[in-house]
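K.L.:
Got a structure here, written out as structure tokens. Questions coming.
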Amino acid sequence: MKRQKTAVVLVTVMMALTGMAAVSAADLRVMHTQKTKDAVIVLKSESGQWSAGNNAFVLEFTSPTGQPLDVGKVTLSTSMTMPGMAPMIAGATVSPDKAPGRYLGTISFPDGGTRQVTVAWDGPAGKGSTRFSVPVR
Ligand SMILES: [Cu+2]
């Protein structure tokens, strides 16, 4: 009984580590770079693109001079306008990584098409938001 429980815990930990490795690998590809007055925001993922289905991604915030920027709470939402339909809305789950200014996210899309992406933040470095578009393949 106890041994079985340990095995379950081990598998869970290994799955968590594998999941983290998927988004913390050094060889992430840039999907989009967005510059605002106060921040440079880089959206990255392993494949360098979003696809229909589940996606993991990384958001990195730096100051215009390249210093990591602690922007506190971050949200990312997407919208796609389609003829004759209400806009398709999808929100991401975003949480801070260990490094300041680095956030890990997941988002799911039911189909392909260009998304209008809104990233918003609110924290020690101030409050802001920005919009850009990203294709979903
Ligand atoms: Cu759609």
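Residues in the structure tokens are numbered from 1 in each chain, the chains being A, B, ... in the order shown, and ligands are numbered from 1 in the order shown.
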Could you give me, as a PyMOL selection string, the residues within 9 Å of Thr33 in chain A, counting only C-alpha atoms and dropping anything in the same chain fewer than 2 positions from it?
P.N.:
chain A and resi 30-31+35+40-44
K.L.:
Can you build me a table of chain A residues sitting at most 9 Å from ligand 1, with the closest atom pair per residue and its distance in Å to one decimal, using only C-alpha atoms and all ligand atoms, sorted by chain and residue number, as a Markdown table?
P.N.:
```
| residue | atom | partner | partner_atom_place_in_ligand_line | distance |
| --- | --- | --- | --- | --- |
| A:Ser79 | CA | ligand 1 | 1 (Cu) | 8.6 |
| A:Met80 | CA | ligand 1 | 1 (Cu) | 5.9 |
| A:Thr81 | CA | ligand 1 | 1 (Cu) | 7.1 |
| A:Met82 | CA | ligand 1 | 1 (Cu) | 6.1 |
| A:Met85 | CA | ligand 1 | 1 (Cu) | 8.8 |
| A:Pro87 | CA | ligand 1 | 1 (Cu) | 7.7 |
| A:Met88 | CA | ligand 1 | 1 (Cu) | 5.7 |
| A:Ile89 | CA | ligand 1 | 1 (Cu) | 8.7 |
| A:Phe109 | CA | ligand 1 | 1 (Cu) | 8.3 |
| A:Pro110 | CA | ligand 1 | 1 (Cu) | 7.1 |
| A:Asp111 | CA | ligand 1 | 1 (Cu) | 5.6 |
| A:Gly112 | CA | ligand 1 | 1 (Cu) | 6.5 |
| A:Gly113 | CA | ligand 1 | 1 (Cu) | 6.2 |
| A:Thr114 | CA | ligand 1 | 1 (Cu) | 8.4 |
| A:Arg115 | CA | ligand 1 | 1 (Cu) | 8.6 |
```
K.L.:
Run DSSP on the backbone of this structure and report the residues of range 2-137 of chain A it assigns to alpha helix (DSSP H), as a list in words.
P.N.:
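Put together, the selection reads Lys2, Arg3, Gln4, Lys5, Thr6, Ala7, Val8, Val9, Leu10, Val11, Thr12, Val13, Met14, Met15, Ala16, Leu17, Thr18, Gly19, Met20, Ala21, Ala22, Val23 and Ser24 of chain A.
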K.L.:
Using DSSP secondary structure from the backbone, list all strand (DSSP E or B) positions within range 59-120 of chain A, as a count of residues only.
P.N.:
38
K.L.:
Could you state the separation of CA of Ala99 in chain A and CA of Arg131 in chain A in Å, given to one decimal place?
P.N.:
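Rounded to one decimal, the two atoms are 23.9 Å apart.
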K.L.:
What's around Lys127 in chain A at 10 Å? Count only C-alpha atoms, leave out sequence neighbours fewer than 3 positions away in its own chain, and write the answer as a PDB file with C-alpha atoms, in the first residue's frame.
P.N.:
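Full text of result19.pdb as output:
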```pdb
ATOM      1  CA  ASP A  38       7.392  50.827 -20.710  1.00  0.00           C
ATOM      2  CA  VAL A  71       4.921  43.265 -13.808  1.00  0.00           C
ATOM      3  CA  GLY A  72       2.954  41.469 -11.101  1.00  0.00           C
ATOM      4  CA  LYS A  73      -0.303  39.921 -12.225  1.00  0.00           C
ATOM      5  CA  VAL A  74      -0.472  39.118 -15.939  1.00  0.00           C
ATOM      6  CA  ALA A 120      -2.396  43.073 -19.489  1.00  0.00           C
ATOM      7  CA  TRP A 121      -0.291  43.499 -16.375  1.00  0.00           C
ATOM      8  CA  ASP A 122      -0.571  45.143 -12.981  1.00  0.00           C
ATOM      9  CA  GLY A 123       2.265  45.179 -10.477  1.00  0.00           C
ATOM     10  CA  PRO A 124       5.378  46.902  -9.082  1.00  0.00           C
TER      11      PRO A 124
END
```
K.L.:
Need the shell around Ser108 in chain A: protein/DNA/RNA residues with any atom at most 8 Å away, counting only C-alpha atoms. Skip same-chain ones fewer than 5 positions apart. Format as an MDAnalysis selection string?
P.N.:
chainID A and resid 52:55 90 92
K.L.:
Deliver the residues from the most recent selection as a file, using C-alpha atoms, as a PDB file, in the first residue's frame.
P.N.:
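After the write, part.pdb holds the following:
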```
ATOM      1  CA  ALA A  52      -5.586  24.399 -32.623  1.00  0.00           C
ATOM      2  CA  GLY A  53      -5.787  22.441 -29.341  1.00  0.00           C
ATOM      3  CA  ASN A  54      -3.725  22.946 -26.198  1.00  0.00           C
ATOM      4  CA  ASN A  55      -0.683  25.209 -26.204  1.00  0.00           C
ATOM      5  CA  ALA A  90     -10.233  32.292 -25.345  1.00  0.00           C
ATOM      6  CA  ALA A  92      -5.002  31.798 -21.047  1.00  0.00           C
TER       7      ALA A  92
END
```
K.L.:
Any idea what the distance is between CA of Gly126 in chain A and CA of Asp70 in chain A?
P.N.:
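CA of Asp70 in chain A lies at a distance of 9.0 Å from CA of Gly126 in chain A.
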K.L.:
Find the spatial neighbours of range 94-98 of chain A, counting only C-alpha atoms, within a cut-off of 10 Å - ignore same-chain residues fewer than 2 positions away - and output them as a list in words.
P.N.:
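The filter keeps Met20, Ser24, Ala56, Phe57, Val58, Leu59, Glu60, Asp70, Val71, Gly72, Lys73, Val74, Thr75, Leu76, Gly91, Ala92, Pro100, Gly101, Arg102, Tyr103, Leu104, Gly105, Thr106 and Ile107 of chain A.
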K.L.:
The selected residues should be written to file as a CSV table (one decimal), in the first residue's frame (atoms: C-alpha atoms).
P.N.:
```
chain,number,residue,atom,x,y,z
A,20,MET,CA,8.0,22.2,-16.7
A,24,SER,CA,11.5,26.1,-19.5
A,56,ALA,CA,2.0,26.0,-23.6
A,57,PHE,CA,3.8,29.3,-23.9
A,58,VAL,CA,6.2,31.7,-22.1
A,59,LEU,CA,5.8,35.5,-21.7
A,60,GLU,CA,8.9,37.5,-20.9
A,70,ASP,CA,8.4,42.4,-12.5
A,71,VAL,CA,4.9,43.3,-13.8
A,72,GLY,CA,3.0,41.5,-11.1
A,73,LYS,CA,-0.3,39.9,-12.2
A,74,VAL,CA,-0.5,39.1,-15.9
A,75,THR,CA,-3.5,38.1,-18.0
A,76,LEU,CA,-3.6,37.1,-21.7
A,91,GLY,CA,-8.3,33.2,-22.2
A,92,ALA,CA,-5.0,31.8,-21.0
A,100,PRO,CA,11.3,37.9,-12.5
A,101,GLY,CA,9.3,39.0,-15.5
A,102,ARG,CA,8.9,35.4,-16.8
A,103,TYR,CA,5.5,33.9,-16.9
A,104,LEU,CA,4.2,30.4,-18.0
A,105,GLY,CA,0.9,30.1,-19.7
A,106,THR,CA,-1.4,27.6,-21.3
A,107,ILE,CA,-4.2,28.3,-23.8
```
